[in-house]
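The data block below is work-v3.txt; it holds compact mmCIF, C-alpha atoms and all ligand atoms.
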```
# COMPACT_ATOMS: atom_id res chain seq x y z
CA MET A 1431 12.17 50.95 -7.38
CA ARG A 1432 15.47 49.22 -7.76
CA LEU A 1433 17.20 51.47 -5.25
CA THR A 1434 14.37 51.01 -2.79
CA ARG A 1435 14.70 47.29 -3.11
CA TYR A 1436 18.45 47.35 -2.54
CA ALA A 1437 18.12 49.75 0.32
CA ALA A 1438 15.54 47.49 1.95
CA ALA A 1439 17.70 44.43 1.48
CA ALA A 1440 20.77 46.25 2.75
CA ALA A 1441 18.85 47.54 5.75
CA ALA A 1442 17.70 43.99 6.33
CA PHE A 1443 21.27 42.79 6.40
CA GLY A 1444 22.18 45.67 8.70
CA VAL A 1445 19.66 44.43 11.25
CA VAL A 1446 21.42 41.10 11.33
CA LEU A 1447 24.83 42.65 11.77
CA ALA A 1448 23.54 45.01 14.45
CA GLY A 1449 22.73 41.92 16.51
CA CYS A 1450 26.41 41.08 16.80
CA SER A 1451 27.86 44.58 16.67
CA SER A 1452 30.34 43.85 19.45
CA GLU A 1453 32.06 41.42 17.12
CA ALA A 1454 31.86 43.63 14.07
CA GLY A 1455 35.47 44.83 14.25
CA GLN A 1456 36.75 41.32 14.76
CA GLN A 1457 34.66 40.09 11.87
CA ALA A 1458 36.13 42.62 9.46
CA ALA A 1459 39.66 41.63 10.46
CA GLN A 1460 38.85 37.97 10.10
CA GLU A 1461 37.39 38.56 6.67
CA SER A 1462 40.47 40.24 5.29
CA GLU A 1463 42.66 37.51 6.82
CA ASN A 1464 40.61 34.95 4.90
CA ALA A 1465 40.67 36.86 1.63
CA PRO A 1466 41.81 34.40 -1.01
CA GLU A 1467 45.44 34.79 -1.94
CA VAL A 1468 45.80 35.76 -5.58
CA VAL A 1469 48.14 33.39 -7.43
CA GLU A 1470 50.94 35.45 -8.92
CA ASP A 1471 52.54 33.40 -11.64
CA VAL A 1472 49.64 31.62 -13.29
CA ASP A 1473 50.47 29.49 -16.29
CA PHE A 1474 47.67 28.15 -18.47
CA GLU A 1475 47.73 26.45 -21.84
CA ALA A 1476 47.32 29.02 -24.62
CA GLY A 1477 43.84 29.20 -26.09
CA THR A 1478 42.05 28.13 -22.92
CA THR A 1479 39.50 30.35 -21.21
CA MET A 1480 41.81 30.37 -18.20
CA ALA A 1481 44.70 31.74 -20.29
CA ASP A 1482 42.44 34.38 -21.86
CA LEU A 1483 41.06 35.55 -18.52
CA ALA A 1484 44.49 35.55 -16.86
CA GLU A 1485 45.89 37.55 -19.77
CA ALA A 1486 43.01 40.05 -19.60
CA GLY A 1487 43.44 40.30 -15.82
CA THR A 1488 39.70 40.63 -15.37
CA ILE A 1489 36.61 38.43 -15.20
CA THR A 1490 32.87 39.12 -15.32
CA ILE A 1491 30.76 37.20 -12.83
CA GLY A 1492 26.97 37.17 -12.65
CA THR A 1493 25.45 37.03 -9.18
CA LYS A 1494 22.28 38.01 -7.29
CA TYR A 1495 21.97 41.52 -5.85
CA ASP A 1496 19.05 41.13 -3.43
CA GLN A 1497 19.75 37.91 -1.52
CA PRO A 1498 21.33 38.63 1.90
CA GLY A 1499 24.03 36.09 2.74
CA PHE A 1500 24.55 34.85 -0.84
CA GLY A 1501 24.55 37.84 -3.17
CA LEU A 1502 23.61 41.32 -2.03
CA LEU A 1503 24.65 44.77 -3.16
CA ASN A 1504 25.66 46.51 0.08
CA PRO A 1505 24.92 50.20 0.76
CA SER A 1506 28.26 51.17 -0.84
CA GLY A 1507 27.30 49.35 -4.02
CA VAL A 1508 29.68 46.45 -3.39
CA PRO A 1509 28.33 42.92 -3.83
CA GLU A 1510 28.77 40.63 -0.83
CA GLY A 1511 27.77 37.14 0.17
CA PHE A 1512 28.78 33.49 -0.12
CA ASP A 1513 28.38 33.42 -3.92
CA VAL A 1514 30.47 36.57 -4.22
CA GLU A 1515 33.22 34.97 -2.09
CA ILE A 1516 33.15 31.83 -4.24
CA GLY A 1517 33.64 34.08 -7.28
CA LYS A 1518 36.67 35.69 -5.59
CA ILE A 1519 38.17 32.28 -4.79
CA ILE A 1520 37.99 31.31 -8.48
CA ALA A 1521 39.32 34.66 -9.71
CA ALA A 1522 42.27 34.42 -7.31
CA GLN A 1523 43.35 31.13 -8.92
CA LEU A 1524 43.27 32.87 -12.30
CA GLY A 1525 45.62 35.52 -10.94
CA ILE A 1526 42.83 38.11 -10.91
CA GLU A 1527 42.64 40.61 -8.06
CA GLU A 1528 39.38 41.22 -6.24
CA ASP A 1529 39.08 44.76 -7.59
CA GLN A 1530 39.43 43.46 -11.15
CA ILE A 1531 36.31 41.30 -10.88
CA GLU A 1532 33.32 42.84 -12.59
CA PHE A 1533 30.18 41.64 -10.85
CA VAL A 1534 26.91 42.05 -12.73
CA GLU A 1535 23.40 41.30 -11.57
CA THR A 1536 21.90 38.13 -12.98
CA VAL A 1537 18.31 37.29 -12.04
CA SER A 1538 16.95 33.75 -12.14
CA ALA A 1539 15.53 33.95 -15.67
CA ASN A 1540 18.52 35.44 -17.50
CA ARG A 1541 21.39 33.29 -16.21
CA GLU A 1542 21.49 30.93 -19.20
CA SER A 1543 21.24 33.73 -21.78
CA PHE A 1544 23.91 35.83 -20.03
CA ILE A 1545 26.28 32.85 -20.28
CA GLN A 1546 25.29 32.01 -23.86
CA ASN A 1547 25.69 35.61 -25.05
CA GLY A 1548 29.07 36.00 -23.36
CA GLN A 1549 27.79 38.77 -21.07
CA VAL A 1550 29.39 36.92 -18.16
CA ASP A 1551 32.25 34.44 -17.86
CA LEU A 1552 30.69 32.70 -14.87
CA VAL A 1553 27.40 32.71 -12.98
CA VAL A 1554 27.56 32.16 -9.22
CA ALA A 1555 23.98 32.91 -8.19
CA THR A 1556 22.18 30.27 -6.07
CA TYR A 1557 22.02 28.40 -9.38
CA THR A 1558 20.60 24.88 -9.22
CA ILE A 1559 22.24 22.27 -11.45
CA ASN A 1560 19.57 20.38 -13.39
CA ASP A 1561 19.18 18.47 -16.66
CA ALA A 1562 17.16 21.14 -18.47
CA ARG A 1563 19.79 23.79 -17.77
CA LYS A 1564 22.59 21.37 -18.66
CA GLN A 1565 21.28 21.48 -22.25
CA LEU A 1566 22.16 25.18 -22.36
CA VAL A 1567 25.15 25.71 -20.06
CA ASP A 1568 27.77 23.67 -18.22
CA PHE A 1569 28.03 23.52 -14.44
CA ALA A 1570 30.97 23.16 -12.12
CA GLY A 1571 30.10 22.07 -8.60
CA PRO A 1572 28.01 21.62 -6.63
CA TYR A 1573 29.53 23.86 -3.96
CA TYR A 1574 26.42 23.88 -1.72
CA VAL A 1575 23.11 22.00 -1.53
CA ALA A 1576 20.01 23.99 -0.55
CA GLY A 1577 16.38 22.85 -0.44
CA GLN A 1578 13.10 24.47 -1.49
CA ASP A 1579 11.14 25.76 1.48
CA ILE A 1580 8.32 28.19 2.25
CA MET A 1581 8.24 31.57 4.01
CA VAL A 1582 5.01 32.83 5.56
CA ALA A 1583 3.87 35.83 7.59
CA ALA A 1584 4.99 35.70 11.22
CA GLY A 1585 2.64 33.55 13.27
CA ASN A 1586 1.78 31.54 10.14
CA PRO A 1587 -1.85 32.73 9.97
CA GLU A 1588 -2.66 30.36 7.06
CA GLY A 1589 -1.20 27.32 8.84
CA ILE A 1590 1.11 26.39 5.96
CA GLU A 1591 3.45 23.56 7.00
CA GLY A 1592 4.53 22.24 3.61
CA PRO A 1593 3.84 22.40 -0.14
CA ASP A 1594 0.57 20.43 0.07
CA ASP A 1595 -0.88 23.22 2.20
CA LEU A 1596 -0.38 25.67 -0.68
CA ALA A 1597 -3.55 24.38 -2.43
CA GLY A 1598 -5.92 27.32 -2.79
CA LYS A 1599 -3.26 29.74 -1.57
CA ASN A 1600 -1.40 32.45 -3.41
CA VAL A 1601 2.32 31.69 -3.40
CA CYS A 1602 5.06 33.92 -4.79
CA SER A 1603 8.24 32.84 -6.54
CA VAL A 1604 10.52 34.01 -9.33
CA GLU A 1605 10.34 33.50 -13.08
CA GLY A 1606 12.86 31.03 -14.43
CA SER A 1607 13.50 29.41 -11.04
CA THR A 1608 13.31 25.72 -10.13
CA PRO A 1609 10.95 26.38 -7.16
CA ALA A 1610 8.44 28.09 -9.47
CA GLN A 1611 8.68 25.17 -11.91
CA ASN A 1612 8.15 22.69 -9.07
CA ILE A 1613 4.97 24.45 -7.95
CA ARG A 1614 3.70 24.56 -11.52
CA ASP A 1615 4.44 20.86 -12.12
CA ASN A 1616 3.57 19.27 -8.79
CA TYR A 1617 1.29 21.64 -6.85
CA PRO A 1618 -1.08 22.95 -9.53
CA GLU A 1619 -3.75 23.82 -6.96
CA ALA A 1620 -1.59 26.65 -5.70
CA THR A 1621 -1.91 30.04 -7.40
CA LEU A 1622 1.53 31.19 -8.46
CA THR A 1623 2.54 34.87 -8.50
CA LEU A 1624 5.83 35.49 -10.26
CA PHE A 1625 8.32 38.36 -10.05
CA ASP A 1626 11.86 38.72 -11.40
CA VAL A 1627 13.54 38.78 -7.95
CA TYR A 1628 12.72 37.42 -4.49
CA SER A 1629 12.80 40.78 -2.69
CA LYS A 1630 9.60 41.65 -4.60
CA CYS A 1631 8.00 38.45 -3.28
CA ALA A 1632 8.94 39.55 0.25
CA ASP A 1633 7.22 42.90 -0.40
CA ALA A 1634 4.14 41.06 -1.70
CA LEU A 1635 4.00 38.96 1.48
CA THR A 1636 4.35 42.08 3.62
CA ASN A 1637 1.46 43.83 1.92
CA GLY A 1638 -0.76 40.75 1.94
CA GLN A 1639 -0.79 40.28 -1.82
CA VAL A 1640 0.38 36.66 -1.36
CA ASP A 1641 0.07 34.07 1.43
CA ALA A 1642 3.55 32.60 1.09
CA VAL A 1643 6.89 32.82 -0.72
CA THR A 1644 8.70 29.75 -1.97
CA THR A 1645 12.33 29.28 -2.97
CA ASP A 1646 15.53 27.83 -1.50
CA ASN A 1647 15.70 27.74 2.30
CA VAL A 1648 18.93 29.77 2.44
CA ILE A 1649 17.42 32.59 0.38
CA LEU A 1650 14.33 32.67 2.60
CA THR A 1651 16.51 32.60 5.72
CA GLY A 1652 18.14 35.82 4.49
CA LEU A 1653 14.73 37.43 3.97
CA VAL A 1654 13.47 36.34 7.41
CA ALA A 1655 16.64 37.68 9.05
CA GLY A 1656 15.85 41.04 7.49
CA ASN A 1657 12.33 41.13 8.89
CA PRO A 1658 12.06 38.67 11.80
CA ASP A 1659 8.90 40.32 13.10
CA GLY A 1660 7.20 40.06 9.73
CA PHE A 1661 8.24 36.70 8.33
CA GLU A 1662 8.91 33.13 9.37
CA LEU A 1663 10.40 30.11 7.65
CA VAL A 1664 8.28 26.96 7.58
CA GLY A 1665 11.53 24.98 7.84
CA ASN A 1666 10.46 21.88 5.96
CA PRO A 1667 12.64 21.64 2.83
CA PHE A 1668 11.12 19.44 0.13
CA THR A 1669 13.67 19.39 -2.72
CA GLU A 1670 17.44 19.26 -3.20
CA GLU A 1671 18.96 22.27 -4.95
CA PRO A 1672 22.64 21.60 -5.69
CA TYR A 1673 24.28 24.95 -6.45
CA GLY A 1674 26.58 24.99 -9.46
CA ILE A 1675 28.71 27.55 -11.22
CA GLY A 1676 27.37 28.17 -14.71
CA LEU A 1677 29.74 28.56 -17.66
CA THR A 1678 29.73 28.15 -21.44
CA LEU A 1679 28.42 24.82 -22.67
CA GLY A 1680 31.26 22.64 -23.92
CA ASP A 1681 34.10 24.54 -22.21
CA THR A 1682 35.28 21.38 -20.48
CA GLU A 1683 38.76 22.69 -19.62
CA PHE A 1684 37.27 25.68 -17.82
CA ARG A 1685 34.74 23.49 -16.04
CA ASP A 1686 37.51 21.10 -14.92
CA PHE A 1687 39.54 24.08 -13.70
CA VAL A 1688 36.64 25.52 -11.68
CA ASN A 1689 35.93 22.07 -10.22
CA ASP A 1690 39.60 21.75 -9.21
CA VAL A 1691 39.49 25.18 -7.56
CA LEU A 1692 36.32 24.30 -5.66
CA GLU A 1693 37.78 21.00 -4.46
CA GLN A 1694 40.91 22.77 -3.29
CA SER A 1695 38.81 25.37 -1.43
CA PHE A 1696 36.91 22.56 0.32
CA GLU A 1697 40.23 21.15 1.52
CA ASP A 1698 42.18 24.27 2.43
CA GLY A 1699 39.43 25.87 4.51
CA SER A 1700 38.78 28.85 2.22
CA TRP A 1701 35.30 27.57 1.32
CA ALA A 1702 34.36 27.22 5.01
CA ALA A 1703 35.84 30.67 5.78
CA ALA A 1704 33.76 32.14 2.95
CA TRP A 1705 30.63 30.56 4.45
CA ASP A 1706 31.42 31.71 8.00
CA SER A 1707 31.86 35.34 6.98
CA THR A 1708 28.67 35.49 4.86
CA ALA A 1709 25.76 33.05 4.89
CA GLY A 1710 26.91 31.62 8.23
CA GLN A 1711 26.36 35.07 9.79
CA ILE A 1712 22.70 34.80 8.85
CA THR A 1713 21.96 31.13 9.44
CA GLY A 1714 23.99 31.11 12.64
CA GLU A 1715 25.24 27.68 11.56
CA PRO A 1716 28.85 26.70 10.98
CA ALA A 1717 29.82 25.67 7.46
CA PRO A 1718 28.36 22.27 6.61
CA GLU A 1719 30.38 19.40 5.13
CA PRO A 1720 31.14 20.44 1.55
CA PRO A 1721 29.30 18.43 -1.10
CA THR A 1722 30.99 16.06 -3.56
CA ILE A 1723 31.89 17.64 -6.90
CA ASP A 1724 29.96 16.07 -9.78
CA ARG A 1725 32.23 15.82 -12.84
CA TYR A 1726 29.41 14.66 -15.08
N1 LIG A 1801 18.17 27.54 -6.84
C1 LIG A 1801 16.96 27.84 -7.54
C2 LIG A 1801 17.21 28.12 -9.00
O1 LIG A 1801 18.31 28.07 -9.45
C3 LIG A 1801 16.19 28.96 -6.89
C4 LIG A 1801 17.01 30.17 -6.56
C5 LIG A 1801 17.11 31.16 -7.68
O2 LIG A 1801 16.11 31.42 -8.35
O3 LIG A 1801 18.21 31.67 -7.86
O4 LIG A 1801 16.29 28.35 -9.74
```

Write out the structure in this file as structure tokens.
Amino acid sequence: MRLTRYAAAAAAFGVVLAGCSSEAGQQAAQESENAPEVVEDVDFEAGTTMADLAEAGTITIGTKYDQPGFGLLNPSGVPEGFDVEIGKIIAAQLGIEEDQIEFVETVSANRESFIQNGQVDLVVATYTINDARKQLVDFAGPYYVAGQDIMVAAGNPEGIEGPDDLAGKNVCSVEGSTPAQNIRDNYPEATLTLFDVYSKCADALTNGQVDAVTTDNVILTGLVAGNPDGFELVGNPFTEEPYGIGLTLGDTEFRDFVNDVLEQSFEDGSWAAAWDSTAGQITGEPAPEPPTIDRY
């Protein structure tokens, strides 16, 4: 099941790349040129998470594995996407090489527990900063602001233009996600079908089990790109989803460090380069203006 899902997602991404195959070689070169430079002589105060990670020479980062453009396991089993690149930018400032990063799959519902149990050092996984989650984990960022949107079958047979049109419809989302919570709280007349990952919602839309899928616009854009004849994006975002990097609650030094790294990446162009080589390939849009870091 899992392999099928990955294969489908990877094939989906392949379709997108096939559309610009003449530039594929150039793209690969550009990507390696933009690979973040690993800092060689890092020096952190003893006892900090930064010192521990630098000393270990490795870091574990939770990300999504089925979201083209943000976090996707490619056919060779290597994670790729904007979130993955953000993880590499942070690791590089800790003196950690790309091949020493251990990526693990986090799904929407287990991100807090993975951080709390120490299964990951960081979560970079289309992870919305909000007050409920701030009780459990700390967030650096935001490094991107998405918005909840709706994906429907191509041609929009149900005529769904926004969340109010979901009344009486069957809409799919993911357990433990803010879009699912929003539907539950504010659109109770919609019937909610929940899975653990969004690729299963895409399958449910394909086979007619649901009328729509709701989550962040950038995630849906990746799914539409993988099946442009089957899906379309309503394109009417109705929330703000500021993406943060999750880390252990109370580790203020580490949070400050990650915020500093993000700010630097906004300024030196590495954040924009990461966007252009990943999510930008799918949205077709250049990198937006980076958001303002919230040192709450
Ligand atoms: N950004 C939303 C969230 O953190 C939806 C995407 C996701 O489930 O990862 O819940």

Discussion item. Just checking: using only C-alpha atoms, which residue out of A:Phe1512, A:Ser1603, A:Gln1565, A:Ala1555 ends up closest to Thr1713 of chain A?
Written reply: A:Phe1512

Please report as a Markdown table every residue of chain A lying within 8 Å of ligand LIG 1801 (chain A), along with the nearest atom pair and their distance in Å (one decimal), using only C-alpha atoms and all ligand atoms.
```
| residue | atom | partner | partner_atom | distance |
| --- | --- | --- | --- | --- |
| A:Lys1494 | CA | A:LIG1801 | O3 | 7.6 |
| A:Val1537 | CA | A:LIG1801 | O3 | 7.0 |
| A:Ser1538 | CA | A:LIG1801 | O2 | 4.5 |
| A:Ala1539 | CA | A:LIG1801 | O2 | 7.8 |
| A:Ala1555 | CA | A:LIG1801 | O3 | 5.9 |
| A:Thr1556 | CA | A:LIG1801 | O3 | 4.6 |
| A:Tyr1557 | CA | A:LIG1801 | O1 | 3.7 |
| A:Thr1558 | CA | A:LIG1801 | O1 | 3.9 |
| A:Ile1559 | CA | A:LIG1801 | O1 | 7.3 |
| A:Ala1576 | CA | A:LIG1801 | N1 | 7.5 |
| A:Gln1578 | CA | A:LIG1801 | C3 | 7.7 |
| A:Val1604 | CA | A:LIG1801 | O2 | 6.2 |
| A:Glu1605 | CA | A:LIG1801 | O2 | 7.7 |
| A:Gly1606 | CA | A:LIG1801 | O4 | 6.4 |
| A:Ser1607 | CA | A:LIG1801 | O4 | 3.3 |
| A:Thr1608 | CA | A:LIG1801 | O4 | 4.0 |
| A:Pro1609 | CA | A:LIG1801 | C3 | 5.8 |
| A:Ala1610 | CA | A:LIG1801 | O4 | 7.9 |
| A:Val1627 | CA | A:LIG1801 | O2 | 7.8 |
| A:Tyr1628 | CA | A:LIG1801 | O2 | 7.9 |
| A:Thr1645 | CA | A:LIG1801 | C3 | 5.5 |
| A:Asp1646 | CA | A:LIG1801 | C3 | 5.5 |
| A:Ile1649 | CA | A:LIG1801 | C4 | 7.4 |
| A:Glu1671 | CA | A:LIG1801 | N1 | 5.7 |
| A:Pro1672 | CA | A:LIG1801 | N1 | 7.5 |
| A:Tyr1673 | CA | A:LIG1801 | N1 | 6.6 |
```

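If you measure from each of A:Ile1519, A:Pro1718, A:Phe1544, A:Val1582 to Ala1702 of chain A using only C-alpha atoms, the closest one turns out to be A:Pro1718.
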
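Neighbours of Thr1623 of chain A closer than or equal to 9 Å, with only C-alpha atoms counted and sequence neighbours fewer than 2 positions away skipped, come out as Asn1600, Val1601, Cys1602, Ser1603, Val1604, Thr1621, Phe1625, Cys1631 and Val1640 of chain A.
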
Save out the residues we just selected, C-alpha atoms, as a PDB file, keeping the file's coordinate frame.
```
ATOM      1  CA  ASN A1600      -1.400  32.450  -3.410  1.00  0.00           C
ATOM      2  CA  VAL A1601       2.320  31.690  -3.400  1.00  0.00           C
ATOM      3  CA  CYS A1602       5.060  33.920  -4.790  1.00  0.00           C
ATOM      4  CA  SER A1603       8.240  32.840  -6.540  1.00  0.00           C
ATOM      5  CA  VAL A1604      10.520  34.010  -9.330  1.00  0.00           C
ATOM      6  CA  THR A1621      -1.910  30.040  -7.400  1.00  0.00           C
ATOM      7  CA  PHE A1625       8.320  38.360 -10.050  1.00  0.00           C
ATOM      8  CA  CYS A1631       8.000  38.450  -3.280  1.00  0.00           C
ATOM      9  CA  VAL A1640       0.380  36.660  -1.360  1.00  0.00           C
TER      10      VAL A1640
END
```

Fill in: Residue among A:Gly1548, A:Gly1652, A:Gly1714, A:Gly1487 lying closest to Glu1527 of chain A, counting only C-alpha atoms
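Smallest separation from Glu1527 of chain A among the options: A:Gly1487.
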
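Computed from the coordinates, the atom CA of Gly1680 of chain A to atom CA of Gln1546 of chain A distance equals 11.1 Å.
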
Worksheet item: Using only C-alpha atoms, which of the listed residues (A:Leu1566, A:Ala1583, A:Val1468, A:Leu1552) sits closest to Arg1685 of chain A?
Response: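 Closest to Arg1685 of chain A, using only C-alpha atoms: A:Leu1552.
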
Specify the axis-aligned box that encloses all atoms of segment 1701-1713 of chain A listed in the file after padding of 3 Å on each side, stating its centre and edge lengths in Å to one decimal as lines of an AutoDock Vina configuration file.
```
center_x = 28.9
center_y = 31.4
center_z = 5.6
size_x = 19.9
size_y = 14.3
size_z = 14.5
```

Item to complete: Between atom CA of Thr1722 of chain A and atom CA of Tyr1574 of chain A, measure the distance and give it in Å to one decimal.
Response: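 It comes out at 9.2 Å.
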
Item to complete: Find, counting all atoms listed in the file, the residue in A:Asp1513, A:Ala1521, A:Val1508, A:Thr1708 that gets nearest to Ala1486 of chain A.
Response: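 Checking each candidate against Ala1486 of chain A, we get A:Ala1521 as the closest.
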
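Interatomic distance, atom CA of Asn1689 of chain A against atom CA of Thr1479 of chain A: 14.2 Å.
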
Worksheet item: Smallest atom-to-atom distance to Tyr1573 of chain A: which of A:Ile1516, A:Gln1711, A:Glu1697, A:Val1469, using only C-alpha atoms?
Response: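 The shortest atom-to-atom distance to Tyr1573 of chain A comes from A:Ile1516.
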
Pick out the residues sitting within 12 Å of segment 1715-1717 of chain A, and hand them over as a PDB file with C-alpha atoms, keeping the file's coordinate frame; count all atoms listed in the file, and ignore anything fewer than 2 positions along from it in its own chain.
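Result saved to selection_22.pdb:
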```pdb
ATOM      1  CA  PHE A1512      28.780  33.490  -0.120  1.00  0.00           C
ATOM      2  CA  TYR A1573      29.530  23.860  -3.960  1.00  0.00           C
ATOM      3  CA  TYR A1574      26.420  23.880  -1.720  1.00  0.00           C
ATOM      4  CA  VAL A1575      23.110  22.000  -1.530  1.00  0.00           C
ATOM      5  CA  VAL A1648      18.930  29.770   2.440  1.00  0.00           C
ATOM      6  CA  THR A1651      16.510  32.600   5.720  1.00  0.00           C
ATOM      7  CA  PHE A1696      36.910  22.560   0.320  1.00  0.00           C
ATOM      8  CA  GLY A1699      39.430  25.870   4.510  1.00  0.00           C
ATOM      9  CA  SER A1700      38.780  28.850   2.220  1.00  0.00           C
ATOM     10  CA  TRP A1701      35.300  27.570   1.320  1.00  0.00           C
ATOM     11  CA  ALA A1702      34.360  27.220   5.010  1.00  0.00           C
ATOM     12  CA  ALA A1703      35.840  30.670   5.780  1.00  0.00           C
ATOM     13  CA  ALA A1704      33.760  32.140   2.950  1.00  0.00           C
ATOM     14  CA  TRP A1705      30.630  30.560   4.450  1.00  0.00           C
ATOM     15  CA  ASP A1706      31.420  31.710   8.000  1.00  0.00           C
ATOM     16  CA  SER A1707      31.860  35.340   6.980  1.00  0.00           C
ATOM     17  CA  THR A1708      28.670  35.490   4.860  1.00  0.00           C
ATOM     18  CA  ALA A1709      25.760  33.050   4.890  1.00  0.00           C
ATOM     19  CA  GLY A1710      26.910  31.620   8.230  1.00  0.00           C
ATOM     20  CA  GLN A1711      26.360  35.070   9.790  1.00  0.00           C
ATOM     21  CA  ILE A1712      22.700  34.800   8.850  1.00  0.00           C
ATOM     22  CA  THR A1713      21.960  31.130   9.440  1.00  0.00           C
ATOM     23  CA  GLU A1719      30.380  19.400   5.130  1.00  0.00           C
ATOM     24  CA  PRO A1720      31.140  20.440   1.550  1.00  0.00           C
ATOM     25  CA  PRO A1721      29.300  18.430  -1.100  1.00  0.00           C
TER      26      PRO A1721
END
```

Worksheet item: Using only C-alpha atoms, which residues sit within 10 Å of Tyr1495 of chain A once same-chain residues fewer than 3 positions away are excluded, as a VMD selection string?
Response: chain A and resid 1435 to 1436 1439 to 1440 1492 1498 1500 to 1504 1507 to 1511 1514 1533 to 1537 1555 1627 1629

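For Glu1591 of chain A, the set of protein, DNA and RNA residues having any atom at most 12 Å away, when counting all atoms listed in the file and skipping those fewer than 6 positions along the same chain, is Asp1579, Ile1580, Met1581, Val1582, Gly1585, Ala1597, Ala1642, Glu1662, Leu1663, Val1664, Gly1665, Asn1666, Pro1667 and Phe1668 of chain A.
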
Mind filling out segment 1674-1688 of chain A with N, CA, C and O atoms and sending it as a tab-separated table (two decimals), in the frame of the given file?
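The resulting file, selection_11.tsv, is shown below:
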```tsv
chain	number	residue	atom	x	y	z
A	1674	GLY	N	25.43	25.11	-8.57
A	1674	GLY	CA	26.58	24.99	-9.46
A	1674	GLY	C	27.02	26.35	-9.96
A	1674	GLY	O	26.34	27.36	-9.77
A	1675	ILE	N	28.17	26.34	-10.60
A	1675	ILE	CA	28.71	27.55	-11.22
A	1675	ILE	C	28.52	27.40	-12.72
A	1675	ILE	O	29.05	26.47	-13.33
A	1676	GLY	N	27.71	28.28	-13.29
A	1676	GLY	CA	27.37	28.17	-14.71
A	1676	GLY	C	28.47	28.76	-15.59
A	1676	GLY	O	29.04	29.81	-15.26
A	1677	LEU	N	28.76	28.07	-16.68
A	1677	LEU	CA	29.74	28.56	-17.66
A	1677	LEU	C	29.35	28.04	-19.04
A	1677	LEU	O	28.42	27.25	-19.17
A	1678	THR	N	30.09	28.47	-20.05
A	1678	THR	CA	29.73	28.15	-21.44
A	1678	THR	C	29.68	26.64	-21.68
A	1678	THR	O	30.61	25.92	-21.32
A	1679	LEU	N	28.60	26.23	-22.31
A	1679	LEU	CA	28.42	24.82	-22.67
A	1679	LEU	C	29.59	24.35	-23.53
A	1679	LEU	O	29.94	25.00	-24.51
A	1680	GLY	N	30.18	23.23	-23.12
A	1680	GLY	CA	31.26	22.64	-23.92
A	1680	GLY	C	32.66	23.11	-23.55
A	1680	GLY	O	33.63	22.57	-24.06
A	1681	ASP	N	32.77	24.08	-22.63
A	1681	ASP	CA	34.10	24.54	-22.21
A	1681	ASP	C	34.60	23.64	-21.07
A	1681	ASP	O	34.69	24.03	-19.91
A	1682	THR	N	34.95	22.41	-21.47
A	1682	THR	CA	35.28	21.38	-20.48
A	1682	THR	C	36.53	21.72	-19.68
A	1682	THR	O	36.61	21.46	-18.48
A	1683	GLU	N	37.52	22.34	-20.35
A	1683	GLU	CA	38.76	22.69	-19.62
A	1683	GLU	C	38.46	23.69	-18.50
A	1683	GLU	O	39.00	23.59	-17.41
A	1684	PHE	N	37.60	24.66	-18.83
A	1684	PHE	CA	37.27	25.68	-17.82
A	1684	PHE	C	36.45	25.04	-16.69
A	1684	PHE	O	36.67	25.32	-15.52
A	1685	ARG	N	35.54	24.16	-17.07
A	1685	ARG	CA	34.74	23.49	-16.04
A	1685	ARG	C	35.64	22.64	-15.12
A	1685	ARG	O	35.48	22.67	-13.90
A	1686	ASP	N	36.58	21.91	-15.73
A	1686	ASP	CA	37.51	21.10	-14.92
A	1686	ASP	C	38.31	21.99	-13.98
A	1686	ASP	O	38.51	21.66	-12.81
A	1687	PHE	N	38.76	23.14	-14.51
A	1687	PHE	CA	39.54	24.08	-13.70
A	1687	PHE	C	38.71	24.57	-12.51
A	1687	PHE	O	39.18	24.55	-11.36
A	1688	VAL	N	37.47	24.99	-12.78
A	1688	VAL	CA	36.64	25.52	-11.68
A	1688	VAL	C	36.37	24.40	-10.66
A	1688	VAL	O	36.40	24.63	-9.45
```
